[in-house]
Number of protein chains: 4
Amino acid sequence: MTARRQDFVSDNTAGLCPEVCAALGDANAGATASYGDDVWTRRLCDRVRELFEIDCDVFLVFNGTSANALALAQLCQPFESIVCHEYAHIDNDECGACEFYTGGSKLIPTPGTNGKIDLREVEAALARQHELHSHKPRVISLAQATEVGTVYGPDEVREISAFANKRGMFLHMDGARFANSIATLRCAPKEITWRAGVEVLCFGGTKNGLAAGELVVFFNKERSANFDYRAKQGGHLASKMRFFAAPWLALLKDEVWLKNARQANDAALKLTSELRSCGAEIVFPVESNAVFSRLDVVVAENLRERGWDFYKFIEPDIYRLMCAWSATEDAISAFRSDFKAARSCASAAR
Amino acid sequence: MTARRQDFVSDNTAGLCPEVCAALGDANAGATASYGDDVWTRRLCDRVRELFEIDCDVFLVFNGTSANALALAQLCQPFESIVCHEYAHIDNDECGACEFYTGGSKLIPTPGTNGKIDLREVEAALARQHELHSHKPRVISLAQATEVGTVYGPDEVREISAFANKRGMFLHMDGARFANSIATLRCAPKEITWRAGVEVLCFGGTKNGLAAGELVVFFNKERSANFDYRAKQGGHLASKMRFFAAPWLALLKDEVWLKNARQANDAALKLTSELRSCGAEIVFPVESNAVFSRLDVVVAENLRERGWDFYKFIEPDIYRLMCAWSATEDAISAFRSDFKAARSCASAAR
Amino acid sequence: MTARRQDFVSDNTAGLCPEVCAALGDANAGATASYGDDVWTRRLCDRVRELFEIDCDVFLVFNGTSANALALAQLCQPFESIVCHEYAHIDNDECGACEFYTGGSKLIPTPGTNGKIDLREVEAALARQHELHSHKPRVISLAQATEVGTVYGPDEVREISAFANKRGMFLHMDGARFANSIATLRCAPKEITWRAGVEVLCFGGTKNGLAAGELVVFFNKERSANFDYRAKQGGHLASKMRFFAAPWLALLKDEVWLKNARQANDAALKLTSELRSCGAEIVFPVESNAVFSRLDVVVAENLRERGWDFYKFIEPDIYRLMCAWSATEDAISAFRSDFKAARSCASAAR
Amino acid sequence: MTARRQDFVSDNTAGLCPEVCAALGDANAGATASYGDDVWTRRLCDRVRELFEIDCDVFLVFNGTSANALALAQLCQPFESIVCHEYAHIDNDECGACEFYTGGSKLIPTPGTNGKIDLREVEAALARQHELHSHKPRVISLAQATEVGTVYGPDEVREISAFANKRGMFLHMDGARFANSIATLRCAPKEITWRAGVEVLCFGGTKNGLAAGELVVFFNKERSANFDYRAKQGGHLASKMRFFAAPWLALLKDEVWLKNARQANDAALKLTSELRSCGAEIVFPVESNAVFSRLDVVVAENLRERGWDFYKFIEPDIYRLMCAWSATEDAISAFRSDFKAARSCASAAR
């Protein structure tokens with residue numbers, strides 16, 4: 001296989017940020033109690049409580065898929081269902097982890113513009129569930145940022161949680177790119193989580209400079225009972241926990257997580273502006289680190305021939321360009337040049 | 001919490017070995033394809049095939065619990081059962097991961113001396129299963145090394161696999177300390193695995209110097225169909241796989257894994273000899289990196305007061321001292337001194 | 001609660017047909033071996049094999065939901081998915097039994113006219129599954145008759161099974177109203193099952209005159225391995241099996257099942273013609289025992305006030321009228337009269 | 001197969017009692033609302049509330065295995081465990097239904113004389129569970145009557161529930177032979193259920209004269225939330241519910257259930273006295289409808305040759321003789337004669 005340019009394929013093609021590397025080295029000192037009974041894990045949990053300004057329960061699991069699935073299994077019985085956006089990662093990209101961990105739940109996808117939950121659509125979907133013969137709706141899950149890179153403001157989250165609350169449903173937030181959202185919103189983390197009615201947040205670090213390890217944060221301690229057993233049973237309790245906790249701690253120290261997120265978001269804005277300046281159509285508002293562009297299939301193919309990898313997304317001609325914390329000006333420039341060249345070739349070929 | 005000596009609590013209290021640290025740094029270079037589609041993962045799989053001298057299927061999952069549970073779920077339907085030793089980690093220490101991943105299997109514990117499967121006991125247990133009203137026995141699972149640190153020779157594994165084979169059952173090997181077994185047996189890995197009839201091996205690296213990540217090795221490719229989906233659904237597919245694959249590769253290069261295992265095993269022998277020289281009773285043959293000693297409860301308590309942590313194991317007065325790859329002569333000497341002192345105190349107190 | 005007319009609500013509001021009542025009495029003689037080791041169960045299985053003209057494996061479980069869910073769990077791993085029509089009973093009316101029994105499968109609903117699978121839509125749905133990140137498609141499930149009462153001809157079934165086969169998928173048939181289909185098609189049961197590529201049939205009897213008990217018929221014995229364990233584990237093995245087997249046997253003797261089905265189908269045709277003669281719109285071809293009519297909401301409400309119960313189905317104004325084996329001319333006449341009266345009222349009110 | 005005498009094999013070899021047959025006929029009148037929305041089901045639930053003298057929640061499912069498994073799944077998360085007697089039906093005879101419905105629970109068998117829970121053994125078993133690495137104990141399940149036919153008095157049940165309560169555990173009662181226990185104890189049903197701390201009772205009718213259908217009775221309504229969804233998802237909601245509810249109602253009317261139970265219990269006492277008079281050893285106190293006798297293997301074999309079927313139970317030479325509500329004096333006499341003859345043959349052969 002020839003070397004391919006992975007810069008805009010995903011934000012998980014990026015490496016570890018320097019602070020994370022340093023923390024790994026620091027944590028590697030002597031024998032330490034395992035399974036989270038160590039000083040790094042304790043400090044991390046305290047730091048998360050400080051960050052969210054609430055006495056929440058914090059758990060560290062392997063990755064985003066397990067964080068979401070375990071959190072949803074904590075909220076849902078096998079005969080209960082989860083309403084989400086039709087593009088939701090939990091419904092499209094986790095190979096049924098949610099159905100598996102809940103032991104039989106159903107995800108109910110609903111349409112909505114710009115990748116966001118539309119409560120009228122949710123209402124209509126709920127009306128189609130006929131008691132006992134359908135799963136019982138129990139959770140609304142939203143992604144912050146969404147799969148198309150848009151970001152819910154505090155008001156929007158509050159409106160959804162009020163809706164959920166009225167129907168005895170919980171609100172779950174898939175925060176694989178929570179950092180990018182906060183970097184955009186410039187608000188306190190509590191403003192879009194517990195203060196806005198979120199029950200549980202899956203707080204992602206992998207796309208933000210870690211190797212692995214995501215946090216599951218329960219703002220309501222009644223909801224987190226025995227979650228440690230659930231994670232352990234799923235094989236998501238690290239024995240050498242310090243090597244996951246210490247890097248996370250480094251991320252949350254001195255706002256490294258926000259610095260990384262800002263870098264990724266800025267790169268997306270830069271890329272957007274470069275592409276727009278070449279006449280490309282950007283199809284969703286760029287509010288975090290993702291850029292979605294409608295590309296002629298010949299242009300897309302030509303870019304691939306020039307070494308660039310990226311994903312096709314919904315509809316035949318929309319493509320995703322994702323910027324990581326490590327995205328460079330050079331990569332953006334190179335992509336812009338190749339894009340222009342690819343377009344010329346495509347025009348010439350016509 | 002005051003600093004406690006974790007040296008002999010477990011082999012997962014140890015840190016990362018130097019080769020692993022170096023590999024992490026090397027792998028942290030630029031953007032790389034995710035989900036295992038990278039050069040480190042490919043090399044690792046090739047290296048494992050070379051090591052086992054067979055074209056096996058290799059998967060990298062998060063930890064030992066998930067490796068065992070996913071492997072057993074691959075072999076078992078929810079209504080099938082797994083026979084194991086009554087001390088087995090899968091039955092006593094994984095919070096029901098196996099029952100969860102299989103969706104309802106039962107583990108059938110059987111007694112046996114020195115922590116090893118006794119086929120007469122297995123035979124008796126099988127006779128107690130009455131078709132349709134009991135689970136259908138499908139797998140025999142053995143641990144290599146066992147929970148009490150003993151090691152099965154190739155003949156013993158072969159005898160068990162012949163027994164299993166005759167009854168339409170599969171043989172699973174929990175190799176959390178596979179490295180320590182090979183270091184003891186000084187045989188080719190194939191001699192105690194596929195050549196001896198093992199269907200699937202969970203090959204542990206965490207206790208051998210890694211941060212996390214265990215291998216599931218299927219020697220029969222018919223058995224591994226779609227295991228990648230199964231692991232993904234369980235949340236055990238790392239997006240940034242290279243940071244798990246590269247350290248593993250470092251372990252398997254230049255026999256680092258065996259060097260580490262040998263260090264741990266040698267430490268156990270040294271500790272055994274020191275304790276025996278002080279008159280302590282060692283209750284199981286020391287064949288890998290675990291030492292089990294019968295201790296007066298007052299002595300054990302006094303050692304704890306001196307800062308040492310360790311586990312009580314079966315029976316009221318048997319304690320486990322586990323040596324990691326990083327166990328030092330100093331720690332062994334210190335423990336010996338404190339053990340002698342604790343005994344004097346206990347005698348004086350009487 | 002006042003007495004309501006249940007005649008057209010569903011075909012499970014009907015009672016037991018006379019032959020079934022007699023069989024229950026006959027079976028109630030002395031002590032008999034339990035769990036299916038009795039003469040009625042054996043005769044039933046033989047009779048089914050005779051009926052389908054093949055040496056199939058036959059299992060008797062409690063109801064249609066469990067028959068479908070257990071059969072699909074036999075074909076699917078938790079990470080595999082099932083493609084069905086968007087109106088499918090398994091997706092809309094079984095409270096996630098399928099997701100539960102498989103331990104995590106997903107149902108993929110697809111549109112199609114007249115309630116039938118449209119292979120172009122299936123093809124498009126399959127293209128949206130992206131390996132490893134989505135469930136792996138494994139089964140196509142079709143209902144015979146469909147939820148809207150239409151019936152697949154042998155050619156249609158064969159076309160779907162060829163499509164499935166080419167993609168390594170199985171074909172499952174939900175035959176809750178299989179009898180009604182055969183009564184319509186007047187073909188040998190084999191022509192729309194194993195000869196047309198169906199792997200497993202859930203053959204319904206409850207709607208055909210039984211109290212409970214549905215058959216799961218595996219035409220390929222390789223597929224049925226240990227299904228008896230699966231049913232037992234799900235709590236679907238009756239201890240006093242004879243009281244479920246004997247009625248089934250009575251149904252399959254002297255073509256009682258077809259007689260009952262014909263009565264139901266004829267009633268549906270009669271009802272259709274009566275309603276059409278009053279100007280009602282019938283929205284799906286009437287090919288079995290269901291009639292779907294578009295009704296003005298005021299008319300529907302007025303009919304309810306006159307004591308009639310029936311279900312609203314898809315879209316705001318389509319209603320289902322289901323005819324059981326026991327549907328009477330009187331009931332049809334009464335409904336027709338009330339329908340005309342309701343329409344007059346509605347017109348007058350306008 | 002030649003006709004075998006099934007009289008003492010099990011109490012599920014018996015047929016339907018006359019009152020049940022009559023009720024089936026009565027219920028078979030016209031079209032009736034399905035899924036339990038009928039008059040028989042409502043009356044049955046009311047009758048159960050009257051019988052237990054409390055406003056309990058009552059559900060009707062297909063059989064004893066599903067009743068137990070669904071009830072335990074209602075009380076247990078996948079990572080929680082259930083302590084039971086080592087002879088418990090849920091652990092030995094239900095093919096893992098409990099593990100399946102809970103999605104991964106473990107049953108913890110404990111020894112105890114006369115088939116009863118011994119709290120010291122339970123205490124010891126709980127001490128062996130080490131938090132997070134073991135399942136979390138959540139339920140104690142006892143069978144009333146036990147698998148060996150003994151019966152817990154109200155004091156014994158209260159003692160167990162107090163023990164459970166103190167540890168945050170629930171008490172589940174498997175009452176497959178609840179009727180036989182009440183017939184023996186001659187107490188109000190409440191005395192050994194909710195007043196004695198039982199959370200949920202699985203109330204069996206199949207062995208008491210029904211064809212199928214067991215009740216799950218939740219005395220604490222907080223515990224029963226959405227149990228109807230759970231039963232539906234498991235495929236345990238009968239569409240034609242009246243054919244299960246009406247027979248149950250007949251059983252609970254005019255104390256038919258107690259009359260049937262008394263007949264079975266009396267038969268067991270009669271059989272015991274006949275066997276004892278011939279010098280047979282009866283190994284457990286005969287407190288309900290089961291008689292356990294130690295038989296010479298040659299005698300047992302000879303009885304089988306004379307046409308009698310019965311089960312071997314624990315230990316090589318203990319056999320179970322179970323009396324149904326329909327056990328006749330004739331059958332008891334015939335068995336006694338054959339037993340004497342078998343013994344003579346065995347002696348002569350020696």
# chains A, B, ... in the order shown; residues from 1 in each chain; ligands from 1

call {"tool": "residues_around", "arguments": {"residues": "A:Asn114", "least_positions_apart": "2", "cutoff": "8 Å", "atoms": "only C-alpha atoms", "output": "ChimeraX atom specification"}}
result
/A:112,116,148,150,284-285

call {"tool": "write_last_selection", "arguments": {"atoms": "C-alpha atoms", "output": "short mmCIF file (atom, residue, chain, number, x, y, z; two decimals), in the first residue's frame"}}
result
data_model
loop_
_atom_site.label_atom_id
_atom_site.label_comp_id
_atom_site.auth_asym_id
_atom_site.auth_seq_id
_atom_site.Cartn_x
_atom_site.Cartn_y
_atom_site.Cartn_z
CA GLY A 112 -33.74 17.00 11.20
CA LYS A 116 -29.87 18.25 14.67
CA VAL A 148 -22.28 17.00 10.39
CA THR A 150 -23.01 21.58 13.85
CA PHE A 284 -23.47 22.40 6.44
CA PRO A 285 -22.62 25.30 8.74
#

call {"tool": "interface_residues", "arguments": {"of": "chain B", "to": "chain D", "cutoff": "7 Å", "atoms": "only C-alpha atoms", "output": "PyMOL selection string"}}
result
chain B and resi 78-79+92-96+99-100+103-105+132-135

call {"tool": "atom_distance", "arguments": {"atom1": "atom CA of C:Cys45", "atom2": "atom CA of C:Leu249"}}
result
8.9 Å

call {"tool": "atom_distance", "arguments": {"atom1": "atom CA of B:Gln233", "atom2": "atom CA of B:Val48"}}
result
24.1 Å

call {"tool": "residues_around", "arguments": {"residues": "D:Val83", "least_positions_apart": "3", "cutoff": "10 Å", "atoms": "only C-alpha atoms", "output": "PyMOL selection string"}}
result
chain D and resi 86+88+91+106-110+117+122+125-126+137-142+169+171

call {"tool": "atom_distance", "arguments": {"atom1": "atom CA of A:Asn63", "atom2": "atom CA of A:Arg158"}}
result
26.9 Å

call {"tool": "residues_around", "arguments": {"residues": "D:Val157", "least_positions_apart": "5", "cutoff": "7 Å", "atoms": "only C-alpha atoms", "output": "ChimeraX atom specification"}}
result
/D:152,192,196

call {"tool": "select_by_dssp", "arguments": {"residues": "stretch 94-221 of chain D", "states": "alpha helix (DSSP H)", "output": "PyMOL selection string"}}
result
chain D and resi 97-102+119-128+154-166+178-185

call {"tool": "residues_around", "arguments": {"residues": "B:Thr328", "least_positions_apart": "3", "cutoff": "10 Å", "atoms": "only C-alpha atoms", "output": "PyMOL selection string"}}
result
chain B and resi 7+263-264+267+323-325+331-334

call {"tool": "select_by_dssp", "arguments": {"residues": "stretch 86-332 of chain D", "states": "strand (DSSP E)", "output": "ChimeraX atom specification"}}
result
/D:106-110,136-143,170-175,200-203,214-218,281-282,290-294,311-313,318-322

call {"tool": "residues_around", "arguments": {"residues": "C:Ala31", "least_positions_apart": "4", "cutoff": "8 Å", "atoms": "only C-alpha atoms", "output": "PyMOL selection string"}}
result
chain D and resi 5-7+13-15

call {"tool": "residues_around", "arguments": {"residues": "A:Asn208", "least_positions_apart": "5", "cutoff": "9 Å", "atoms": "only C-alpha atoms", "output": "PDB file with N, CA and C atoms, in the first residue's frame"}}
result
ATOM      1  N   ASP A  11     -10.670  12.631  12.534  1.00  0.00           N
ATOM      2  CA  ASP A  11      -9.824  13.168  13.593  1.00  0.00           C
ATOM      3  C   ASP A  11      -9.230  12.066  14.454  1.00  0.00           C
ATOM      4  N   ASN A  12      -9.487  10.810  14.089  1.00  0.00           N
ATOM      5  CA  ASN A  12      -8.782   9.753  14.815  1.00  0.00           C
ATOM      6  C   ASN A  12      -7.599   9.190  14.032  1.00  0.00           C
ATOM      7  N   ALA A  14      -5.126  11.216  13.722  1.00  0.00           N
ATOM      8  CA  ALA A  14      -4.063  12.023  14.332  1.00  0.00           C
ATOM      9  C   ALA A  14      -3.371  11.259  15.459  1.00  0.00           C
ATOM     10  N   LEU A  16      -0.826  11.513  19.194  1.00  0.00           N
ATOM     11  CA  LEU A  16      -0.964  12.000  20.563  1.00  0.00           C
ATOM     12  C   LEU A  16      -0.385  13.407  20.642  1.00  0.00           C
ATOM     13  N   CYS A  17      -1.045  14.282  21.358  1.00  0.00           N
ATOM     14  CA  CYS A  17      -0.489  15.622  21.504  1.00  0.00           C
ATOM     15  C   CYS A  17       0.666  15.572  22.509  1.00  0.00           C
ATOM     16  N   ALA A 176     -18.397  12.931  21.662  1.00  0.00           N
ATOM     17  CA  ALA A 176     -17.111  12.536  21.066  1.00  0.00           C
ATOM     18  C   ALA A 176     -16.315  13.776  20.696  1.00  0.00           C
ATOM     19  N   ARG A 177     -17.023  14.818  20.311  1.00  0.00           N
ATOM     20  CA  ARG A 177     -16.376  16.103  19.975  1.00  0.00           C
ATOM     21  C   ARG A 177     -16.931  17.219  20.870  1.00  0.00           C
ATOM     22  N   ALA A 179     -15.331  18.718  23.188  1.00  0.00           N
ATOM     23  CA  ALA A 179     -14.317  19.770  23.275  1.00  0.00           C
ATOM     24  C   ALA A 179     -14.492  20.778  22.148  1.00  0.00           C
ATOM     25  N   ASN A 180     -14.714  20.275  20.951  1.00  0.00           N
ATOM     26  CA  ASN A 180     -14.876  21.179  19.813  1.00  0.00           C
ATOM     27  C   ASN A 180     -16.110  22.067  19.983  1.00  0.00           C
ATOM     28  N   LEU A 251      -4.698  16.455  29.480  1.00  0.00           N
ATOM     29  CA  LEU A 251      -5.565  17.146  28.523  1.00  0.00           C
ATOM     30  C   LEU A 251      -6.382  18.227  29.237  1.00  0.00           C
ATOM     31  N   TRP A 257      -7.136  20.675  26.377  1.00  0.00           N
ATOM     32  CA  TRP A 257      -8.252  20.130  25.577  1.00  0.00           C
ATOM     33  C   TRP A 257      -8.892  21.208  24.709  1.00  0.00           C
ATOM     34  N   LEU A 258      -9.004  22.430  25.257  1.00  0.00           N
ATOM     35  CA  LEU A 258      -9.623  23.511  24.483  1.00  0.00           C
ATOM     36  C   LEU A 258      -8.665  24.044  23.424  1.00  0.00           C
ATOM     37  N   ASN A 260      -6.406  22.263  21.875  1.00  0.00           N
ATOM     38  CA  ASN A 260      -6.459  21.276  20.785  1.00  0.00           C
ATOM     39  C   ASN A 260      -7.737  21.433  19.964  1.00  0.00           C
ATOM     40  N   ALA A 261      -8.841  21.598  20.656  1.00  0.00           N
ATOM     41  CA  ALA A 261     -10.126  21.727  19.954  1.00  0.00           C
ATOM     42  C   ALA A 261     -10.138  22.979  19.083  1.00  0.00           C
ATOM     43  N   ALA A 264      -8.259  22.464  15.909  1.00  0.00           N
ATOM     44  CA  ALA A 264      -9.027  21.673  14.937  1.00  0.00           C
ATOM     45  C   ALA A 264     -10.126  22.523  14.305  1.00  0.00           C
ATOM     46  N   ALA A 324      -8.254  17.423  12.437  1.00  0.00           N
ATOM     47  CA  ALA A 324      -7.833  17.000  13.775  1.00  0.00           C
ATOM     48  C   ALA A 324      -7.136  18.154  14.482  1.00  0.00           C
ATOM     49  N   TRP A 325      -6.826  17.952  15.761  1.00  0.00           N
ATOM     50  CA  TRP A 325      -6.085  18.975  16.521  1.00  0.00           C
ATOM     51  C   TRP A 325      -4.743  19.257  15.864  1.00  0.00           C
TER      52      TRP A 325
END

call {"tool": "decode", "arguments": {"residues": "stretch 40-65 of chain D", "atoms": "N, CA and C atoms", "output": "tab-separated table (two decimals), in the first residue's frame"}}
result
chain	number	residue	atom	x	y	z
D	40	TRP	N	-62.07	-12.31	31.38
D	40	TRP	CA	-61.49	-13.39	32.19
D	40	TRP	C	-60.18	-12.94	32.82
D	41	THR	N	-59.37	-12.26	32.05
D	41	THR	CA	-58.08	-11.82	32.57
D	41	THR	C	-58.28	-10.81	33.69
D	42	ARG	N	-59.21	-9.91	33.48
D	42	ARG	CA	-59.47	-8.92	34.53
D	42	ARG	C	-59.97	-9.59	35.81
D	43	ARG	N	-60.88	-10.54	35.64
D	43	ARG	CA	-61.40	-11.23	36.83
D	43	ARG	C	-60.30	-12.03	37.52
D	44	LEU	N	-59.46	-12.65	36.72
D	44	LEU	CA	-58.37	-13.43	37.30
D	44	LEU	C	-57.47	-12.54	38.16
D	45	CYS	N	-57.08	-11.40	37.62
D	45	CYS	CA	-56.19	-10.51	38.38
D	45	CYS	C	-56.88	-10.06	39.68
D	46	ASP	N	-58.14	-9.75	39.58
D	46	ASP	CA	-58.88	-9.37	40.79
D	46	ASP	C	-58.91	-10.52	41.80
D	47	ARG	N	-59.14	-11.72	41.30
D	47	ARG	CA	-59.22	-12.89	42.18
D	47	ARG	C	-57.88	-13.12	42.88
D	48	VAL	N	-56.79	-12.91	42.15
D	48	VAL	CA	-55.47	-13.10	42.76
D	48	VAL	C	-55.25	-12.06	43.86
D	49	ARG	N	-55.67	-10.83	43.60
D	49	ARG	CA	-55.53	-9.78	44.62
D	49	ARG	C	-56.36	-10.12	45.86
D	50	GLU	N	-57.52	-10.69	45.61
D	50	GLU	CA	-58.38	-11.09	46.73
D	50	GLU	C	-57.73	-12.23	47.52
D	51	LEU	N	-57.19	-13.17	46.80
D	51	LEU	CA	-56.58	-14.34	47.43
D	51	LEU	C	-55.38	-13.94	48.30
D	52	PHE	N	-54.58	-13.00	47.80
D	52	PHE	CA	-53.39	-12.60	48.55
D	52	PHE	C	-53.66	-11.43	49.49
D	53	GLU	N	-54.88	-10.92	49.44
D	53	GLU	CA	-55.30	-9.85	50.32
D	53	GLU	C	-54.38	-8.63	50.22
D	54	ILE	N	-54.05	-8.28	48.98
D	54	ILE	CA	-53.21	-7.10	48.75
D	54	ILE	C	-53.39	-6.66	47.30
D	55	ASP	N	-53.16	-5.37	47.05
D	55	ASP	CA	-53.30	-4.82	45.71
D	55	ASP	C	-52.04	-5.08	44.89
D	56	CYS	N	-51.83	-6.33	44.53
D	56	CYS	CA	-50.59	-6.71	43.83
D	56	CYS	C	-50.76	-6.58	42.31
D	57	ASP	N	-49.63	-6.63	41.60
D	57	ASP	CA	-49.64	-6.62	40.12
D	57	ASP	C	-49.49	-8.05	39.62
D	58	VAL	N	-50.37	-8.45	38.73
D	58	VAL	CA	-50.44	-9.85	38.31
D	58	VAL	C	-50.24	-9.96	36.80
D	59	PHE	N	-49.36	-10.87	36.38
D	59	PHE	CA	-49.11	-11.08	34.95
D	59	PHE	C	-49.18	-12.58	34.66
D	60	LEU	N	-49.70	-12.90	33.49
D	60	LEU	CA	-49.86	-14.30	33.10
D	60	LEU	C	-48.89	-14.59	31.96
D	61	VAL	N	-47.96	-15.50	32.20
D	61	VAL	CA	-47.01	-15.88	31.14
D	61	VAL	C	-47.13	-17.37	30.86
D	62	PHE	N	-46.34	-17.84	29.88
D	62	PHE	CA	-46.63	-19.17	29.37
D	62	PHE	C	-46.29	-20.33	30.29
D	63	ASN	N	-45.11	-20.25	30.93
D	63	ASN	CA	-44.76	-21.41	31.75
D	63	ASN	C	-43.85	-21.02	32.92
D	64	GLY	N	-43.45	-22.01	33.68
D	64	GLY	CA	-42.68	-21.76	34.90
D	64	GLY	C	-41.30	-21.21	34.60
D	65	THR	N	-40.68	-21.71	33.54
D	65	THR	CA	-39.35	-21.24	33.19
D	65	THR	C	-39.40	-19.76	32.84
